[in-house]
file data-v7.tsv (TSV, C-alpha atoms)
chain	number	residue	atom	x	y	z
A	10	MET	CA	-34.41	3.13	20.13
A	11	SER	CA	-33.54	-0.23	18.60
A	12	SER	CA	-31.71	-2.68	20.88
A	13	GLU	CA	-29.08	-3.14	18.16
A	14	LEU	CA	-25.98	-1.12	18.91
A	15	VAL	CA	-24.56	1.42	16.46
A	16	THR	CA	-20.85	0.73	16.01
A	17	VAL	CA	-18.73	3.88	15.82
A	18	ALA	CA	-15.06	3.83	14.77
A	19	MET	CA	-13.04	6.44	16.63
A	20	PRO	CA	-9.44	7.57	16.17
A	21	LYS	CA	-7.18	7.31	19.17
A	22	GLY	CA	-5.69	10.49	20.62
A	23	ARG	CA	-6.86	14.11	20.68
A	24	ILE	CA	-9.73	13.66	18.20
A	25	PHE	CA	-11.11	10.82	20.33
A	26	GLU	CA	-11.11	12.97	23.48
A	27	GLU	CA	-12.82	15.89	21.71
A	28	ALA	CA	-15.37	13.59	20.05
A	29	VAL	CA	-16.23	11.97	23.40
A	30	GLU	CA	-16.79	15.43	24.91
A	31	LEU	CA	-19.05	16.30	21.97
A	32	LEU	CA	-21.08	13.09	22.44
A	33	ARG	CA	-21.52	13.84	26.14
A	34	LYS	CA	-22.74	17.36	25.32
A	35	ALA	CA	-25.18	15.72	22.88
A	36	GLY	CA	-26.66	13.81	25.82
A	37	TYR	CA	-24.98	10.43	25.42
A	38	ASP	CA	-24.17	8.68	28.68
A	39	LEU	CA	-20.52	7.68	28.39
A	40	PRO	CA	-18.76	6.39	31.54
A	41	PRO	CA	-16.22	8.73	33.21
A	42	GLU	CA	-13.34	6.27	32.72
A	43	PHE	CA	-14.15	5.93	29.01
A	44	GLU	CA	-11.10	7.89	27.77
A	45	ASP	CA	-8.71	5.93	30.00
A	46	SER	CA	-9.74	2.49	28.76
A	47	ARG	CA	-7.09	0.32	27.10
A	48	LYS	CA	-9.74	-1.72	25.30
A	49	LEU	CA	-10.04	-1.49	21.52
A	50	ILE	CA	-13.77	-2.28	21.56
A	51	ILE	CA	-15.97	-0.60	24.18
A	52	GLU	CA	-19.71	-1.27	24.45
A	53	VAL	CA	-21.96	1.40	25.96
A	54	PRO	CA	-25.40	-0.24	25.83
A	55	GLN	CA	-27.07	2.56	27.82
A	56	SER	CA	-26.29	4.87	24.88
A	57	GLY	CA	-26.97	2.28	22.19
A	58	MET	CA	-23.39	2.38	20.93
A	59	ARG	CA	-20.29	0.26	20.53
A	60	PHE	CA	-16.95	1.99	19.91
A	61	ILE	CA	-13.98	0.67	17.95
A	62	LEU	CA	-10.72	2.49	18.69
A	63	ALA	CA	-8.45	2.58	15.65
A	64	LYS	CA	-5.57	4.44	14.04
A	65	PRO	CA	-6.91	7.66	12.47
A	66	MET	CA	-6.02	6.54	8.92
A	67	ASP	CA	-7.94	3.27	9.42
A	68	VAL	CA	-11.27	4.74	10.57
A	69	PRO	CA	-12.72	5.27	7.04
A	70	THR	CA	-11.69	1.71	6.11
A	71	TYR	CA	-13.67	0.23	9.02
A	72	VAL	CA	-16.67	2.35	8.03
A	73	GLU	CA	-16.43	1.59	4.30
A	74	HIS	CA	-16.36	-2.17	4.92
A	75	GLY	CA	-19.30	-2.03	7.33
A	76	VAL	CA	-17.35	-3.18	10.38
A	77	ALA	CA	-18.40	0.18	11.82
A	78	ASP	CA	-21.70	1.90	11.02
A	79	ALA	CA	-20.22	5.34	11.52
A	80	GLY	CA	-16.98	7.02	12.47
A	81	VAL	CA	-15.07	10.20	13.19
A	82	ALA	CA	-12.27	11.07	10.77
A	83	GLY	CA	-10.22	14.14	9.93
A	84	LYS	CA	-10.80	15.79	6.56
A	85	ASP	CA	-7.13	15.09	5.76
A	86	VAL	CA	-7.76	11.36	6.14
A	87	MET	CA	-10.96	11.56	4.07
A	88	ILE	CA	-9.11	13.21	1.17
A	89	GLU	CA	-6.16	10.83	1.37
A	90	GLU	CA	-8.12	7.59	1.73
A	91	GLU	CA	-11.01	8.28	-0.71
A	92	ARG	CA	-13.26	5.68	0.90
A	93	ASP	CA	-16.84	4.94	-0.14
A	94	VAL	CA	-18.57	6.53	2.85
A	95	TYR	CA	-21.00	9.36	3.46
A	96	GLU	CA	-19.53	12.48	5.06
A	97	VAL	CA	-22.60	13.77	6.86
A	98	LEU	CA	-21.44	16.38	9.39
A	99	ASP	CA	-18.49	18.68	10.05
A	100	LEU	CA	-17.97	18.25	13.80
A	101	LYS	CA	-15.73	21.35	13.92
A	102	ILE	CA	-13.35	19.66	16.37
A	103	SER	CA	-9.57	19.16	16.23
A	104	SER	CA	-9.19	22.21	14.01
A	105	CYS	CA	-5.82	22.49	12.31
A	106	TYR	CA	-4.54	22.98	8.78
A	107	MET	CA	-2.35	21.37	6.16
A	108	ALA	CA	0.82	23.28	5.33
A	109	VAL	CA	4.04	23.14	3.32
A	110	ALA	CA	7.18	23.71	5.40
A	111	ALA	CA	10.93	23.76	4.85
A	112	LEU	CA	14.20	24.90	6.38
A	113	PRO	CA	14.61	28.72	6.25
A	114	SER	CA	17.56	28.26	3.87
A	115	TYR	CA	15.48	26.44	1.23
A	116	ASP	CA	15.44	28.12	-2.18
A	117	PRO	CA	12.20	27.27	-4.08
A	118	GLY	CA	13.83	27.96	-7.44
A	119	ARG	CA	16.79	25.69	-6.85
A	120	ASP	CA	15.42	22.29	-7.92
A	121	VAL	CA	13.54	21.19	-11.02
A	122	ALA	CA	11.58	18.45	-9.21
A	123	PRO	CA	11.95	19.01	-5.47
A	124	LYS	CA	11.36	16.15	-3.03
A	125	ILE	CA	8.36	16.50	-0.73
A	126	ALA	CA	7.99	14.22	2.32
A	127	SER	CA	4.52	13.57	3.73
A	128	LYS	CA	2.20	11.07	5.36
A	129	TYR	CA	-0.30	12.15	2.70
A	130	PRO	CA	1.13	11.24	-0.73
A	131	LYS	CA	-2.17	11.52	-2.63
A	132	LEU	CA	-3.21	14.82	-1.07
A	133	THR	CA	0.32	16.21	-1.60
A	134	SER	CA	0.52	15.04	-5.21
A	135	ASP	CA	-2.90	16.51	-6.02
A	136	TYR	CA	-2.01	19.84	-4.42
A	137	PHE	CA	1.24	20.35	-6.31
A	138	ARG	CA	-0.32	19.16	-9.57
A	139	GLU	CA	-2.96	21.87	-9.14
A	140	GLN	CA	-0.14	24.36	-8.54
A	141	GLY	CA	1.49	23.24	-11.79
A	142	GLU	CA	4.61	22.15	-9.95
A	143	GLN	CA	6.34	18.85	-10.66
A	144	VAL	CA	7.57	17.21	-7.44
A	145	GLU	CA	8.78	13.85	-6.18
A	146	ILE	CA	6.75	12.53	-3.25
A	147	ILE	CA	8.41	10.57	-0.46
A	148	LYS	CA	5.92	8.83	1.87
A	149	LEU	CA	6.81	8.73	5.54
A	150	ASN	CA	4.72	7.44	8.44
A	151	GLY	CA	5.94	9.77	11.17
A	152	SER	CA	8.45	12.43	12.28
A	153	ILE	CA	8.02	14.23	8.95
A	154	GLU	CA	10.00	17.21	10.27
A	155	LEU	CA	13.14	15.06	10.22
A	156	ALA	CA	13.17	14.76	6.40
A	157	PRO	CA	14.55	18.24	5.50
A	158	ILE	CA	16.96	18.20	8.45
A	159	VAL	CA	18.71	15.00	7.29
A	160	GLY	CA	18.48	15.88	3.58
A	161	LEU	CA	15.85	13.30	2.63
A	162	ALA	CA	13.44	15.93	1.29
A	163	ASP	CA	13.41	19.63	0.38
A	164	ARG	CA	10.00	20.37	1.82
A	165	ILE	CA	7.33	18.61	3.85
A	166	VAL	CA	3.55	18.58	3.84
A	167	ASP	CA	1.99	17.97	7.23
A	168	ILE	CA	-0.78	18.86	9.64
A	169	VAL	CA	-0.10	22.00	11.69
A	170	SER	CA	-1.94	22.81	14.89
A	171	THR	CA	0.14	25.36	16.81
A	172	GLY	CA	3.30	25.27	14.69
A	173	GLN	CA	5.39	24.47	17.75
A	174	THR	CA	6.78	21.20	16.34
A	175	LEU	CA	7.95	23.00	13.20
A	176	ARG	CA	9.60	25.76	15.20
A	177	GLU	CA	11.31	23.33	17.57
A	178	ASN	CA	12.85	21.58	14.57
A	179	GLY	CA	13.94	24.79	12.85
A	180	LEU	CA	11.37	24.66	10.03
A	181	VAL	CA	9.20	27.48	8.69
A	182	GLU	CA	5.80	27.42	7.00
A	183	MET	CA	5.92	28.27	3.32
A	184	GLU	CA	2.29	27.77	2.27
A	185	THR	CA	-1.03	27.09	3.96
A	186	MET	CA	-2.87	24.48	1.92
A	187	MET	CA	-6.28	23.90	3.52
A	188	PRO	CA	-8.12	23.96	6.85
A	189	ILE	CA	-8.82	20.60	8.49
A	190	THR	CA	-11.56	19.55	10.93
A	191	SER	CA	-13.01	16.19	11.94
A	192	ARG	CA	-16.08	14.80	10.19
A	193	PHE	CA	-18.84	12.35	11.15
A	194	ILE	CA	-18.93	9.67	8.46
A	195	VAL	CA	-21.42	6.86	7.85
A	196	ASN	CA	-21.46	3.54	6.00
A	197	PRO	CA	-23.98	3.82	3.11
A	198	VAL	CA	-25.72	0.51	3.96
A	199	SER	CA	-25.92	1.33	7.67
A	200	TYR	CA	-27.48	4.67	6.78
A	201	ARG	CA	-30.44	2.66	5.46
A	202	THR	CA	-30.58	-0.24	7.93
A	203	LYS	CA	-30.03	1.88	11.06
A	204	ALA	CA	-31.47	5.12	9.71
A	205	ALA	CA	-33.41	6.13	12.83
A	206	GLN	CA	-30.47	5.68	15.22
A	207	ILE	CA	-27.92	7.33	12.94
A	208	ASP	CA	-30.22	10.23	12.06
A	209	GLU	CA	-30.79	10.83	15.77
A	210	MET	CA	-27.01	10.87	16.37
A	211	VAL	CA	-26.45	13.30	13.52
A	212	ASP	CA	-29.26	15.60	14.70
A	213	ARG	CA	-28.03	15.64	18.30
A	214	LEU	CA	-24.42	16.24	17.29
A	215	ALA	CA	-25.43	18.92	14.77
A	216	GLU	CA	-27.33	20.78	17.49
A	217	VAL	CA	-24.27	20.80	19.76
A	218	VAL	CA	-21.95	21.81	16.90
A	219	GLY	CA	-24.33	24.64	16.02
A	220	LYS	CA	-24.38	25.91	19.60
A	221	GLU	CA	-20.59	25.66	19.86
A	222	GLY	CA	-20.28	27.71	16.69
A	223	VAL	CA	-22.45	30.49	18.10
A	224	SER	CA	-20.63	30.73	21.43
call {"tool": "encode", "arguments": {"input": "data-v7.tsv", "output": "structure tokens"}}
result
Amino acid sequence: MSSELVTVAMPKGRIFEEAVELLRKAGYDLPPEFEDSRKLIIEVPQSGMRFILAKPMDVPTYVEHGVADAGVAGKDVMIEEERDVYEVLDLKISSCYMAVAALPSYDPGRDVAPKIASKYPKLTSDYFREQGEQVEIIKLNGSIELAPIVGLADRIVDIVSTGQTLRENGLVEMETMMPITSRFIVNPVSYRTKAAQIDEMVDRLAEVVGKEGVS
């Protein structure tokens, strides 16, 4: 293996923890305290990798601009950000789905152009355009469930894992939009200049993902 490290952008939080577990199963030697580190850049020379820890929405940006050779990003982020990167492998981790939700009292036929709150304005706009429904999109950065409760929006579009957050805030799912999993993405230039290292990573991860799928 080349002495040059492969830089991998990773999202903080649950995806990071699941991706680290996947890398360990693929035979990469990551230190036990890896997940507890407060550092934003972690070098693991014994595995030939350097990790950048970033906000999930920023991972494709780091990869597109070549600051990172590869990264792990949710399909929701890939659709929303539309970055110039290669999506090479579905890691099948952090499975969830995108859904439309509202208060139980919401009447779909009430408004001509209902307001939809979401962290994903592009994805939301594209979805409702495909449905032939004219809506007004309100972009929020967090606590999306609050929008219908305070009257800011009629419906929301957000990631749903267990549905507990919706239930706790008195919201109900109205439509399931699409399944979401995390993907391994690669910078196009890095895919040429570090082809051997990246191909090996993809092959090793794909083998683990394949085994996980069978079990």
call {"tool": "closest_residue", "arguments": {"input": "data-v7.tsv", "among": "A:Ile189, A:Leu14, A:Ala79, A:Met87", "to": "A:Gln55", "atoms": "all atoms listed in the file"}}
result
A:Leu14
call {"tool": "atom_distance", "arguments": {"input": "data-v7.tsv", "atom1": "atom CA of A:Ile24", "atom2": "atom CA of A:Arg164"}}
result
26.5 Å
call {"tool": "closest_residue", "arguments": {"input": "data-v7.tsv", "among": "A:Leu39, A:Ile147, A:Ile88, A:Ile194", "to": "A:Val72", "atoms": "only C-alpha atoms"}}
result
A:Ile194
call {"tool": "residues_around", "arguments": {"input": "data-v7.tsv", "residues": "stretch 120-125 of chain A", "least_positions_apart": "4", "cutoff": "7 Å", "atoms": "only C-alpha atoms", "output": "PDB file with C-alpha atoms, keeping the file's coordinate frame"}}
result
ATOM      1  CA  GLN A 143       6.340  18.850 -10.660  1.00  0.00           C
ATOM      2  CA  VAL A 144       7.570  17.210  -7.440  1.00  0.00           C
ATOM      3  CA  GLU A 145       8.780  13.850  -6.180  1.00  0.00           C
ATOM      4  CA  ILE A 146       6.750  12.530  -3.250  1.00  0.00           C
ATOM      5  CA  ILE A 147       8.410  10.570  -0.460  1.00  0.00           C
ATOM      6  CA  ALA A 162      13.440  15.930   1.290  1.00  0.00           C
ATOM      7  CA  ASP A 163      13.410  19.630   0.380  1.00  0.00           C
ATOM      8  CA  ARG A 164      10.000  20.370   1.820  1.00  0.00           C
ATOM      9  CA  ILE A 165       7.330  18.610   3.850  1.00  0.00           C
ATOM     10  CA  VAL A 166       3.550  18.580   3.840  1.00  0.00           C
TER      11      VAL A 166
END
call {"tool": "atom_distance", "arguments": {"input": "data-v7.tsv", "atom1": "atom CA of A:Pro20", "atom2": "atom CA of A:Leu49"}}
result
10.5 Å
call {"tool": "decode", "arguments": {"input": "data-v7.tsv", "residues": "stretch 61-145 of chain A", "atoms": "C-alpha atoms", "output": "PDB file, in the first residue's frame"}}
result
ATOM      1  CA  ILE A  61     -12.081  14.407   8.639  1.00  0.00           C
ATOM      2  CA  LEU A  62     -15.128  14.698  10.894  1.00  0.00           C
ATOM      3  CA  ALA A  63     -17.720  17.063   9.443  1.00  0.00           C
ATOM      4  CA  LYS A  64     -21.406  17.960   9.484  1.00  0.00           C
ATOM      5  CA  PRO A  65     -23.320  15.415   7.371  1.00  0.00           C
ATOM      6  CA  MET A  66     -24.387  18.046   4.807  1.00  0.00           C
ATOM      7  CA  ASP A  67     -20.749  19.131   4.338  1.00  0.00           C
ATOM      8  CA  VAL A  68     -19.230  15.716   3.582  1.00  0.00           C
ATOM      9  CA  PRO A  69     -19.935  15.780  -0.205  1.00  0.00           C
ATOM     10  CA  THR A  70     -18.484  19.311  -0.382  1.00  0.00           C
ATOM     11  CA  TYR A  71     -15.168  18.181   1.138  1.00  0.00           C
ATOM     12  CA  VAL A  72     -15.073  15.259  -1.295  1.00  0.00           C
ATOM     13  CA  GLU A  73     -16.036  17.323  -4.355  1.00  0.00           C
ATOM     14  CA  HIS A  74     -13.286  19.871  -3.695  1.00  0.00           C
ATOM     15  CA  GLY A  75     -10.653  17.185  -3.130  1.00  0.00           C
ATOM     16  CA  VAL A  76     -10.008  18.036   0.515  1.00  0.00           C
ATOM     17  CA  ALA A  77     -11.127  14.458   1.125  1.00  0.00           C
ATOM     18  CA  ASP A  78     -10.495  11.591  -1.293  1.00  0.00           C
ATOM     19  CA  ALA A  79     -13.611   9.748  -0.190  1.00  0.00           C
ATOM     20  CA  GLY A  80     -16.476  10.056   2.241  1.00  0.00           C
ATOM     21  CA  VAL A  81     -19.612   8.582   3.755  1.00  0.00           C
ATOM     22  CA  ALA A  82     -22.852  10.449   3.078  1.00  0.00           C
ATOM     23  CA  GLY A  83     -26.557   9.707   3.332  1.00  0.00           C
ATOM     24  CA  LYS A  84     -28.522   9.400   0.103  1.00  0.00           C
ATOM     25  CA  ASP A  85     -30.659  12.324   1.308  1.00  0.00           C
ATOM     26  CA  VAL A  86     -27.573  14.547   1.410  1.00  0.00           C
ATOM     27  CA  MET A  87     -26.419  13.302  -2.009  1.00  0.00           C
ATOM     28  CA  ILE A  88     -29.761  14.229  -3.600  1.00  0.00           C
ATOM     29  CA  GLU A  89     -29.931  17.600  -1.860  1.00  0.00           C
ATOM     30  CA  GLU A  90     -26.339  18.694  -2.470  1.00  0.00           C
ATOM     31  CA  GLU A  91     -25.852  17.414  -6.059  1.00  0.00           C
ATOM     32  CA  ARG A  92     -22.069  17.420  -5.759  1.00  0.00           C
ATOM     33  CA  ASP A  93     -19.661  16.263  -8.469  1.00  0.00           C
ATOM     34  CA  VAL A  94     -18.576  13.014  -6.820  1.00  0.00           C
ATOM     35  CA  TYR A  95     -18.754   9.321  -7.617  1.00  0.00           C
ATOM     36  CA  GLU A  96     -21.246   7.313  -5.575  1.00  0.00           C
ATOM     37  CA  VAL A  97     -19.539   3.933  -5.627  1.00  0.00           C
ATOM     38  CA  LEU A  98     -21.156   1.779  -2.922  1.00  0.00           C
ATOM     39  CA  ASP A  99     -24.365   1.565  -0.911  1.00  0.00           C
ATOM     40  CA  LEU A 100     -23.058   0.815   2.590  1.00  0.00           C
ATOM     41  CA  LYS A 101     -26.555  -0.202   3.758  1.00  0.00           C
ATOM     42  CA  ILE A 102     -26.039   1.513   7.124  1.00  0.00           C
ATOM     43  CA  SER A 103     -28.152   4.116   8.948  1.00  0.00           C
ATOM     44  CA  SER A 104     -31.271   2.922   7.156  1.00  0.00           C
ATOM     45  CA  CYS A 105     -34.214   5.298   7.413  1.00  0.00           C
ATOM     46  CA  TYR A 106     -36.625   6.972   5.026  1.00  0.00           C
ATOM     47  CA  MET A 107     -37.856  10.375   3.932  1.00  0.00           C
ATOM     48  CA  ALA A 108     -41.468  11.120   4.799  1.00  0.00           C
ATOM     49  CA  VAL A 109     -44.137  13.813   4.718  1.00  0.00           C
ATOM     50  CA  ALA A 110     -45.782  14.454   8.097  1.00  0.00           C
ATOM     51  CA  ALA A 111     -48.395  16.795   9.542  1.00  0.00           C
ATOM     52  CA  LEU A 112     -50.708  17.291  12.495  1.00  0.00           C
ATOM     53  CA  PRO A 113     -53.624  14.799  12.498  1.00  0.00           C
ATOM     54  CA  SER A 114     -56.036  17.708  11.970  1.00  0.00           C
ATOM     55  CA  TYR A 115     -54.415  18.800   8.691  1.00  0.00           C
ATOM     56  CA  ASP A 116     -56.759  18.800   5.693  1.00  0.00           C
ATOM     57  CA  PRO A 117     -54.803  18.237   2.435  1.00  0.00           C
ATOM     58  CA  GLY A 118     -57.509  19.911   0.360  1.00  0.00           C
ATOM     59  CA  ARG A 119     -57.629  23.060   2.441  1.00  0.00           C
ATOM     60  CA  ASP A 120     -54.809  25.140   0.902  1.00  0.00           C
ATOM     61  CA  VAL A 121     -53.972  25.988  -2.693  1.00  0.00           C
ATOM     62  CA  ALA A 122     -50.201  26.188  -2.069  1.00  0.00           C
ATOM     63  CA  PRO A 123     -49.484  24.623   1.319  1.00  0.00           C
ATOM     64  CA  LYS A 124     -46.279  25.474   3.186  1.00  0.00           C
ATOM     65  CA  ILE A 125     -43.790  22.642   3.622  1.00  0.00           C
ATOM     66  CA  ALA A 126     -40.906  22.968   6.100  1.00  0.00           C
ATOM     67  CA  SER A 127     -37.751  20.922   5.563  1.00  0.00           C
ATOM     68  CA  LYS A 128     -33.978  20.805   5.838  1.00  0.00           C
ATOM     69  CA  TYR A 129     -34.079  19.543   2.247  1.00  0.00           C
ATOM     70  CA  PRO A 130     -35.600  22.293   0.051  1.00  0.00           C
ATOM     71  CA  LYS A 131     -34.375  20.870  -3.275  1.00  0.00           C
ATOM     72  CA  LEU A 132     -35.414  17.298  -2.547  1.00  0.00           C
ATOM     73  CA  THR A 133     -38.791  18.516  -1.236  1.00  0.00           C
ATOM     74  CA  SER A 134     -39.418  20.806  -4.199  1.00  0.00           C
ATOM     75  CA  ASP A 135     -38.534  18.057  -6.689  1.00  0.00           C
ATOM     76  CA  TYR A 136     -40.804  15.557  -4.943  1.00  0.00           C
ATOM     77  CA  PHE A 137     -43.898  17.762  -4.915  1.00  0.00           C
ATOM     78  CA  ARG A 138     -43.267  18.916  -8.486  1.00  0.00           C
ATOM     79  CA  GLU A 139     -43.284  15.258  -9.535  1.00  0.00           C
ATOM     80  CA  GLN A 140     -46.563  14.851  -7.641  1.00  0.00           C
ATOM     81  CA  GLY A 141     -47.998  17.803  -9.572  1.00  0.00           C
ATOM     82  CA  GLU A 142     -48.573  19.731  -6.360  1.00  0.00           C
ATOM     83  CA  GLN A 143     -47.671  23.398  -6.002  1.00  0.00           C
ATOM     84  CA  VAL A 144     -46.173  24.121  -2.572  1.00  0.00           C
ATOM     85  CA  GLU A 145     -44.198  26.810  -0.779  1.00  0.00           C
TER      86      GLU A 145
END
